[in-house]
Amino acid sequence: MKKYLSFFRLRFITGLQYRTAALAGIATQFFWGAMEILTFRAFYQSDPASFPMTLQATSSYIWIQQAFLVLFMGWNMEAELFDAIRDGNISYELCRPLGIYHMWFARSLAYRLSRAGLRCLPILLAAAFIPAPYGLAAPPDLQAFLLFLLTLFLGLFNVAAFCMLIYMLSFFTITPDGIRIVALSVTELLQGAIIPLPFFPDAVRQILELLPFAAMQNVPLRVYSGDLSGAALEQAILLQFFWLVVMVFAGKILEQRAMKRIVVQGG
């Protein structure tokens, strides 16, 4: 475990060096969040009672989503890893006294946490000063905030586990582009990145909430905004744990099979 923590620390420190990209990301995400809220505002003005979440809860959902966007972007994977699989540089990774799966899992966590750490605070502070119902509201109580932190990290681990599945599947393909495109389309819609899951029809929403994608972003954002609580929250947390175990187990199996069939040519 110590060697993986050391690898995590090195990757985390490396990620903190991209300050210019972080500044650009802060500006982009802040204005994107503002545009989303104004779009929802236009719909809420027509009939506020017809929506499953209040405008304030939706605004908080969007601001938290933008602040921690890097944590939740299931489609944002490291091109270096795909290139290593495709061009044979994976051989250098195999020379290290570390397991590929656990090493890349730690790398993915460090990659996301370092970039989110640079971006989240400015966005949260700015959103907190925007007047209600368009700004970021405080969580309902301390318990809700602690549950938000718990579900936030569980969501992060689920995103990393999902990305590891894509990396491992890339060992069995000529090019990973097709898998990445499918991952982009599926995760953006089904984890609530485009439209919060409560806005879907009930029959569709009930199915989507059982899928692993809902365990990534949907749960922590709804916990913070106060839209998810009680028995529904307990079920959501259990599903987060369940899908994390399932995806890690599936990823490890794919890793074992990939290592048996991997061929690196060249001199």
# chains A, B, ... in the order shown; residues from 1 in each chain; ligands from 1
>>> closest_atom_pairs(of="region 231-254 of chain A", to="region 138-147 of chain A", cutoff="12 Å", atoms="only C-alpha atoms", output="tab-separated table")
residue	atom	partner	partner_atom	distance
A:Leu233	CA	A:Leu147	CA	9.2
A:Glu234	CA	A:Leu147	CA	10.2
A:Ala236	CA	A:Leu147	CA	11.4
A:Ile237	CA	A:Leu147	CA	9.3
>>> write_last_selection(atoms="C-alpha atoms", output="PDB file, in the first residue's frame")
ATOM      1  CA  LEU A 233     -30.349   8.167   0.454  1.00  0.00           C
ATOM      2  CA  GLU A 234     -29.517   4.950   2.307  1.00  0.00           C
ATOM      3  CA  ALA A 236     -28.228   5.277  -2.953  1.00  0.00           C
ATOM      4  CA  ILE A 237     -25.186   4.907  -0.662  1.00  0.00           C
TER       5      ILE A 237
END
>>> closest_atom_pairs(of="region 151-240 of chain A", to="region 110-125 of chain A", cutoff="12 Å", atoms="only C-alpha atoms", output="CSV")
residue,atom,partner,partner_atom,distance
A:Leu152,CA,A:Leu113,CA,11.5
A:Phe153,CA,A:Leu113,CA,10.1
A:Gly155,CA,A:Arg112,CA,12.0
A:Leu156,CA,A:Arg112,CA,8.4
A:Phe157,CA,A:Arg112,CA,10.4
A:Val159,CA,A:Arg112,CA,9.9
A:Ala160,CA,A:Arg112,CA,8.9
A:Cys163,CA,A:Arg112,CA,11.7
>>> write_last_selection(atoms="N, CA and C atoms", output="JSON list (two decimals), in the first residue's frame")
[["chain", "number", "residue", "atom", "x", "y", "z"],
["A", 152, "LEU", "N", -19.54, 12.06, -2.03],
["A", 152, "LEU", "CA", -18.64, 12.67, -3.01],
["A", 152, "LEU", "C", -17.44, 11.77, -3.28],
["A", 153, "PHE", "N", -16.82, 11.26, -2.21],
["A", 153, "PHE", "CA", -15.65, 10.40, -2.39],
["A", 153, "PHE", "C", -16.05, 9.03, -2.95],
["A", 155, "GLY", "N", -18.49, 8.64, -5.01],
["A", 155, "GLY", "CA", -18.70, 8.93, -6.43],
["A", 155, "GLY", "C", -17.39, 9.01, -7.19],
["A", 156, "LEU", "N", -16.37, 9.63, -6.57],
["A", 156, "LEU", "CA", -15.05, 9.72, -7.18],
["A", 156, "LEU", "C", -14.47, 8.33, -7.42],
["A", 157, "PHE", "N", -14.56, 7.46, -6.43],
["A", 157, "PHE", "CA", -14.02, 6.11, -6.58],
["A", 157, "PHE", "C", -14.79, 5.34, -7.65],
["A", 159, "VAL", "N", -16.19, 6.68, -10.32],
["A", 159, "VAL", "CA", -15.73, 7.21, -11.61],
["A", 159, "VAL", "C", -14.38, 6.60, -11.98],
["A", 160, "ALA", "N", -13.46, 6.55, -11.01],
["A", 160, "ALA", "CA", -12.15, 5.96, -11.27],
["A", 160, "ALA", "C", -12.27, 4.48, -11.64],
["A", 163, "CYS", "N", -13.50, 4.26, -15.22],
["A", 163, "CYS", "CA", -12.42, 4.57, -16.15],
["A", 163, "CYS", "C", -11.44, 3.41, -16.27]]
>>> atom_distance(atom1="CA of Gln240 (chain A)", atom2="CA of Leu71 (chain A)")
15.2 Å
>>> select_by_dssp(residues="region 70-195 of chain A", states="alpha helix (DSSP H)", output="PDB file with C-alpha atoms, in the first residue's frame")
ATOM      1  CA  VAL A  70     -13.024  17.121 -12.829  1.00  0.00           C
ATOM      2  CA  LEU A  71     -13.957  14.541 -10.195  1.00  0.00           C
ATOM      3  CA  PHE A  72     -17.064  13.450 -12.068  1.00  0.00           C
ATOM      4  CA  ALA A  79      -4.543   9.946 -23.241  1.00  0.00           C
ATOM      5  CA  GLU A  80      -1.077   8.878 -22.063  1.00  0.00           C
ATOM      6  CA  LEU A  81      -2.438   5.574 -20.790  1.00  0.00           C
ATOM      7  CA  PHE A  82      -4.241   4.816 -24.041  1.00  0.00           C
ATOM      8  CA  ASP A  83      -1.092   5.715 -25.990  1.00  0.00           C
ATOM      9  CA  ALA A  84       0.984   3.424 -23.762  1.00  0.00           C
ATOM     10  CA  ILE A  85      -1.332   0.513 -24.565  1.00  0.00           C
ATOM     11  CA  ARG A  86      -1.370   1.253 -28.280  1.00  0.00           C
ATOM     12  CA  ASP A  87       2.295   2.019 -28.978  1.00  0.00           C
ATOM     13  CA  ILE A  90       3.066  -0.325 -21.571  1.00  0.00           C
ATOM     14  CA  SER A  91       6.227  -2.429 -21.293  1.00  0.00           C
ATOM     15  CA  TYR A  92       7.787   0.321 -19.164  1.00  0.00           C
ATOM     16  CA  GLU A  93       4.759   0.229 -16.870  1.00  0.00           C
ATOM     17  CA  LEU A  94       5.117  -3.531 -16.503  1.00  0.00           C
ATOM     18  CA  ILE A 100      -1.087  -2.070 -13.386  1.00  0.00           C
ATOM     19  CA  TYR A 101      -4.643  -1.825 -12.063  1.00  0.00           C
ATOM     20  CA  HIS A 102      -3.834  -0.404  -8.639  1.00  0.00           C
ATOM     21  CA  MET A 103      -1.133   1.886 -10.036  1.00  0.00           C
ATOM     22  CA  TRP A 104      -3.456   3.395 -12.649  1.00  0.00           C
ATOM     23  CA  PHE A 105      -6.313   3.593 -10.137  1.00  0.00           C
ATOM     24  CA  ALA A 106      -4.103   5.659  -7.803  1.00  0.00           C
ATOM     25  CA  ARG A 107      -2.991   7.744 -10.782  1.00  0.00           C
ATOM     26  CA  SER A 108      -6.602   8.434 -11.776  1.00  0.00           C
ATOM     27  CA  LEU A 109      -7.524   9.521  -8.249  1.00  0.00           C
ATOM     28  CA  ALA A 110      -4.498  11.839  -8.028  1.00  0.00           C
ATOM     29  CA  TYR A 111      -5.209  13.273 -11.479  1.00  0.00           C
ATOM     30  CA  ARG A 112      -8.768  14.201 -10.559  1.00  0.00           C
ATOM     31  CA  LEU A 113      -8.166  15.376  -7.006  1.00  0.00           C
ATOM     32  CA  SER A 114      -5.262  17.653  -7.927  1.00  0.00           C
ATOM     33  CA  ARG A 115      -7.188  19.391 -10.678  1.00  0.00           C
ATOM     34  CA  ALA A 116     -10.377  19.673  -8.651  1.00  0.00           C
ATOM     35  CA  GLY A 117      -8.400  21.094  -5.735  1.00  0.00           C
ATOM     36  CA  LEU A 118      -7.184  23.964  -7.909  1.00  0.00           C
ATOM     37  CA  ARG A 119     -10.628  24.808  -9.257  1.00  0.00           C
ATOM     38  CA  CYS A 120     -13.293  24.114  -6.649  1.00  0.00           C
ATOM     39  CA  LEU A 121     -12.706  26.846  -4.035  1.00  0.00           C
ATOM     40  CA  PRO A 122     -12.880  29.901  -6.371  1.00  0.00           C
ATOM     41  CA  ILE A 123     -16.081  28.591  -7.964  1.00  0.00           C
ATOM     42  CA  LEU A 124     -17.693  27.766  -4.610  1.00  0.00           C
ATOM     43  CA  LEU A 125     -16.792  31.146  -3.109  1.00  0.00           C
ATOM     44  CA  ALA A 126     -18.066  33.091  -6.107  1.00  0.00           C
ATOM     45  CA  ALA A 127     -21.289  31.059  -6.276  1.00  0.00           C
ATOM     46  CA  ALA A 128     -21.913  31.563  -2.543  1.00  0.00           C
ATOM     47  CA  LEU A 142     -24.212  19.337   9.281  1.00  0.00           C
ATOM     48  CA  GLN A 143     -25.343  15.748   8.787  1.00  0.00           C
ATOM     49  CA  ALA A 144     -26.249  16.486   5.164  1.00  0.00           C
ATOM     50  CA  PHE A 145     -22.821  18.051   4.627  1.00  0.00           C
ATOM     51  CA  LEU A 146     -21.008  15.027   6.082  1.00  0.00           C
ATOM     52  CA  LEU A 147     -23.116  12.692   3.955  1.00  0.00           C
ATOM     53  CA  PHE A 148     -22.288  14.845   0.960  1.00  0.00           C
ATOM     54  CA  LEU A 149     -18.562  14.382   1.620  1.00  0.00           C
ATOM     55  CA  LEU A 150     -19.030  10.623   2.001  1.00  0.00           C
ATOM     56  CA  THR A 151     -21.021  10.285  -1.224  1.00  0.00           C
ATOM     57  CA  LEU A 152     -18.639  12.674  -3.010  1.00  0.00           C
ATOM     58  CA  PHE A 153     -15.652  10.397  -2.393  1.00  0.00           C
ATOM     59  CA  LEU A 154     -17.680   7.286  -3.159  1.00  0.00           C
ATOM     60  CA  GLY A 155     -18.695   8.931  -6.429  1.00  0.00           C
ATOM     61  CA  LEU A 156     -15.051   9.721  -7.182  1.00  0.00           C
ATOM     62  CA  PHE A 157     -14.020   6.114  -6.577  1.00  0.00           C
ATOM     63  CA  ASN A 158     -16.858   4.895  -8.804  1.00  0.00           C
ATOM     64  CA  VAL A 159     -15.728   7.210 -11.607  1.00  0.00           C
ATOM     65  CA  ALA A 160     -12.146   5.960 -11.266  1.00  0.00           C
ATOM     66  CA  ALA A 161     -13.324   2.332 -11.274  1.00  0.00           C
ATOM     67  CA  PHE A 162     -15.388   2.966 -14.406  1.00  0.00           C
ATOM     68  CA  CYS A 163     -12.417   4.571 -16.152  1.00  0.00           C
ATOM     69  CA  MET A 164     -10.290   1.574 -15.206  1.00  0.00           C
ATOM     70  CA  LEU A 165     -12.782  -0.663 -17.005  1.00  0.00           C
ATOM     71  CA  ILE A 166     -12.309   1.421 -20.140  1.00  0.00           C
ATOM     72  CA  TYR A 167      -8.508   1.263 -19.815  1.00  0.00           C
ATOM     73  CA  MET A 168      -8.576  -2.507 -19.335  1.00  0.00           C
ATOM     74  CA  LEU A 169     -10.963  -3.028 -22.264  1.00  0.00           C
ATOM     75  CA  ASP A 177     -11.403   5.621 -29.707  1.00  0.00           C
ATOM     76  CA  GLY A 178     -14.678   3.738 -30.085  1.00  0.00           C
ATOM     77  CA  ILE A 179     -14.827   2.813 -26.409  1.00  0.00           C
ATOM     78  CA  ARG A 180     -14.038   6.377 -25.378  1.00  0.00           C
ATOM     79  CA  ILE A 181     -16.819   7.805 -27.570  1.00  0.00           C
ATOM     80  CA  VAL A 182     -19.350   5.391 -26.109  1.00  0.00           C
ATOM     81  CA  ALA A 183     -18.163   6.207 -22.571  1.00  0.00           C
ATOM     82  CA  LEU A 184     -18.544   9.936 -23.279  1.00  0.00           C
ATOM     83  CA  SER A 185     -22.102   9.561 -24.549  1.00  0.00           C
ATOM     84  CA  VAL A 186     -23.270   7.212 -21.831  1.00  0.00           C
ATOM     85  CA  THR A 187     -21.735   8.822 -18.750  1.00  0.00           C
ATOM     86  CA  GLU A 188     -22.708  12.410 -19.590  1.00  0.00           C
ATOM     87  CA  LEU A 189     -26.388  11.547 -19.898  1.00  0.00           C
ATOM     88  CA  LEU A 190     -26.875   8.783 -17.366  1.00  0.00           C
TER      89      LEU A 190
END
>>> residues_around(residues="Ala214 (chain A)", least_positions_apart="6", cutoff="8 Å", atoms="only C-alpha atoms", output="PyMOL selection string")
chain A and resi 190-192+208
>>> closest_residue(among="A:Val219, A:Leu136, A:Gly99, A:Ala203", to="Lys252 (chain A)", atoms="only C-alpha atoms")
A:Gly99
>>> decode(residues="region 146-161 of chain A", atoms="all heavy atoms", output="compact mmCIF listing (two decimals), in the first residue's frame")
# COMPACT_ATOMS: atom_id res chain seq x y z
N LEU A 146 -21.89 16.18 5.90
CA LEU A 146 -21.01 15.03 6.08
C LEU A 146 -21.39 13.90 5.12
O LEU A 146 -20.50 13.22 4.57
CB LEU A 146 -21.09 14.55 7.53
CG LEU A 146 -20.55 15.53 8.58
CD1 LEU A 146 -20.77 14.98 9.99
CD2 LEU A 146 -19.07 15.84 8.34
N LEU A 147 -22.68 13.71 4.91
CA LEU A 147 -23.12 12.69 3.95
C LEU A 147 -22.72 13.08 2.54
O LEU A 147 -22.41 12.22 1.72
CB LEU A 147 -24.63 12.49 4.06
CG LEU A 147 -25.12 11.77 5.31
CD1 LEU A 147 -26.64 11.82 5.39
CD2 LEU A 147 -24.66 10.31 5.29
N PHE A 148 -22.74 14.37 2.27
CA PHE A 148 -22.29 14.85 0.96
C PHE A 148 -20.82 14.49 0.74
O PHE A 148 -20.44 14.01 -0.34
CB PHE A 148 -22.49 16.36 0.86
CG PHE A 148 -21.66 17.01 -0.22
CD1 PHE A 148 -21.96 16.80 -1.55
CD2 PHE A 148 -20.58 17.82 0.11
CE1 PHE A 148 -21.18 17.40 -2.55
CE2 PHE A 148 -19.82 18.41 -0.87
CZ PHE A 148 -20.12 18.20 -2.20
N LEU A 149 -19.98 14.72 1.75
CA LEU A 149 -18.56 14.38 1.62
C LEU A 149 -18.37 12.88 1.41
O LEU A 149 -17.55 12.46 0.59
CB LEU A 149 -17.79 14.84 2.86
CG LEU A 149 -17.69 16.35 3.08
CD1 LEU A 149 -16.92 16.64 4.37
CD2 LEU A 149 -17.02 17.04 1.90
N LEU A 150 -19.12 12.07 2.15
CA LEU A 150 -19.03 10.62 2.00
C LEU A 150 -19.41 10.20 0.59
O LEU A 150 -18.67 9.46 -0.08
CB LEU A 150 -19.94 9.93 3.02
CG LEU A 150 -20.12 8.41 2.84
CD1 LEU A 150 -18.81 7.68 3.03
CD2 LEU A 150 -21.19 7.89 3.81
N THR A 151 -20.56 10.68 0.11
CA THR A 151 -21.02 10.29 -1.22
C THR A 151 -20.15 10.88 -2.32
O THR A 151 -20.01 10.30 -3.40
CB THR A 151 -22.48 10.71 -1.43
OG1 THR A 151 -22.62 12.12 -1.16
CG2 THR A 151 -23.41 9.94 -0.49
N LEU A 152 -19.54 12.06 -2.03
CA LEU A 152 -18.64 12.67 -3.01
C LEU A 152 -17.44 11.77 -3.28
O LEU A 152 -17.08 11.52 -4.44
CB LEU A 152 -18.18 14.04 -2.49
CG LEU A 152 -17.19 14.80 -3.39
CD1 LEU A 152 -17.89 15.32 -4.63
CD2 LEU A 152 -16.55 15.96 -2.61
N PHE A 153 -16.82 11.26 -2.21
CA PHE A 153 -15.65 10.40 -2.39
C PHE A 153 -16.05 9.03 -2.95
O PHE A 153 -15.30 8.45 -3.74
CB PHE A 153 -14.89 10.26 -1.08
CG PHE A 153 -14.03 11.46 -0.76
CD1 PHE A 153 -14.46 12.42 0.13
CD2 PHE A 153 -12.81 11.63 -1.40
CE1 PHE A 153 -13.68 13.54 0.40
CE2 PHE A 153 -12.02 12.74 -1.14
CZ PHE A 153 -12.45 13.70 -0.23
N LEU A 154 -17.21 8.53 -2.56
CA LEU A 154 -17.68 7.29 -3.16
C LEU A 154 -17.94 7.48 -4.65
O LEU A 154 -17.63 6.59 -5.46
CB LEU A 154 -18.96 6.81 -2.46
CG LEU A 154 -18.79 6.20 -1.07
CD1 LEU A 154 -20.15 5.92 -0.44
CD2 LEU A 154 -17.98 4.91 -1.15
N GLY A 155 -18.49 8.64 -5.01
CA GLY A 155 -18.70 8.93 -6.43
C GLY A 155 -17.39 9.01 -7.19
O GLY A 155 -17.26 8.50 -8.30
N LEU A 156 -16.37 9.63 -6.57
CA LEU A 156 -15.05 9.72 -7.18
C LEU A 156 -14.47 8.33 -7.42
O LEU A 156 -13.94 8.04 -8.50
CB LEU A 156 -14.12 10.54 -6.29
CG LEU A 156 -12.62 10.50 -6.64
CD1 LEU A 156 -12.37 11.05 -8.02
CD2 LEU A 156 -11.82 11.26 -5.59
N PHE A 157 -14.56 7.46 -6.43
CA PHE A 157 -14.02 6.11 -6.58
C PHE A 157 -14.79 5.34 -7.65
O PHE A 157 -14.19 4.54 -8.38
CB PHE A 157 -14.08 5.38 -5.23
CG PHE A 157 -12.91 5.66 -4.34
CD1 PHE A 157 -12.88 6.80 -3.57
CD2 PHE A 157 -11.83 4.80 -4.28
CE1 PHE A 157 -11.79 7.09 -2.75
CE2 PHE A 157 -10.74 5.06 -3.46
CZ PHE A 157 -10.72 6.21 -2.70
N ASN A 158 -16.08 5.56 -7.76
CA ASN A 158 -16.86 4.89 -8.80
C ASN A 158 -16.44 5.38 -10.19
O ASN A 158 -16.36 4.58 -11.13
CB ASN A 158 -18.36 5.14 -8.59
CG ASN A 158 -19.00 4.12 -7.67
OD1 ASN A 158 -19.33 3.01 -8.09
ND2 ASN A 158 -19.16 4.48 -6.41
N VAL A 159 -16.19 6.68 -10.32
CA VAL A 159 -15.73 7.21 -11.61
C VAL A 159 -14.38 6.60 -11.98
O VAL A 159 -14.15 6.18 -13.12
CB VAL A 159 -15.62 8.75 -11.56
CG1 VAL A 159 -14.94 9.28 -12.81
CG2 VAL A 159 -17.00 9.37 -11.42
N ALA A 160 -13.46 6.55 -11.01
CA ALA A 160 -12.15 5.96 -11.27
C ALA A 160 -12.27 4.48 -11.64
O ALA A 160 -11.57 4.01 -12.55
CB ALA A 160 -11.25 6.13 -10.04
N ALA A 161 -13.14 3.75 -10.97
CA ALA A 161 -13.32 2.33 -11.27
C ALA A 161 -13.91 2.15 -12.67
O ALA A 161 -13.52 1.23 -13.41
CB ALA A 161 -14.24 1.69 -10.23
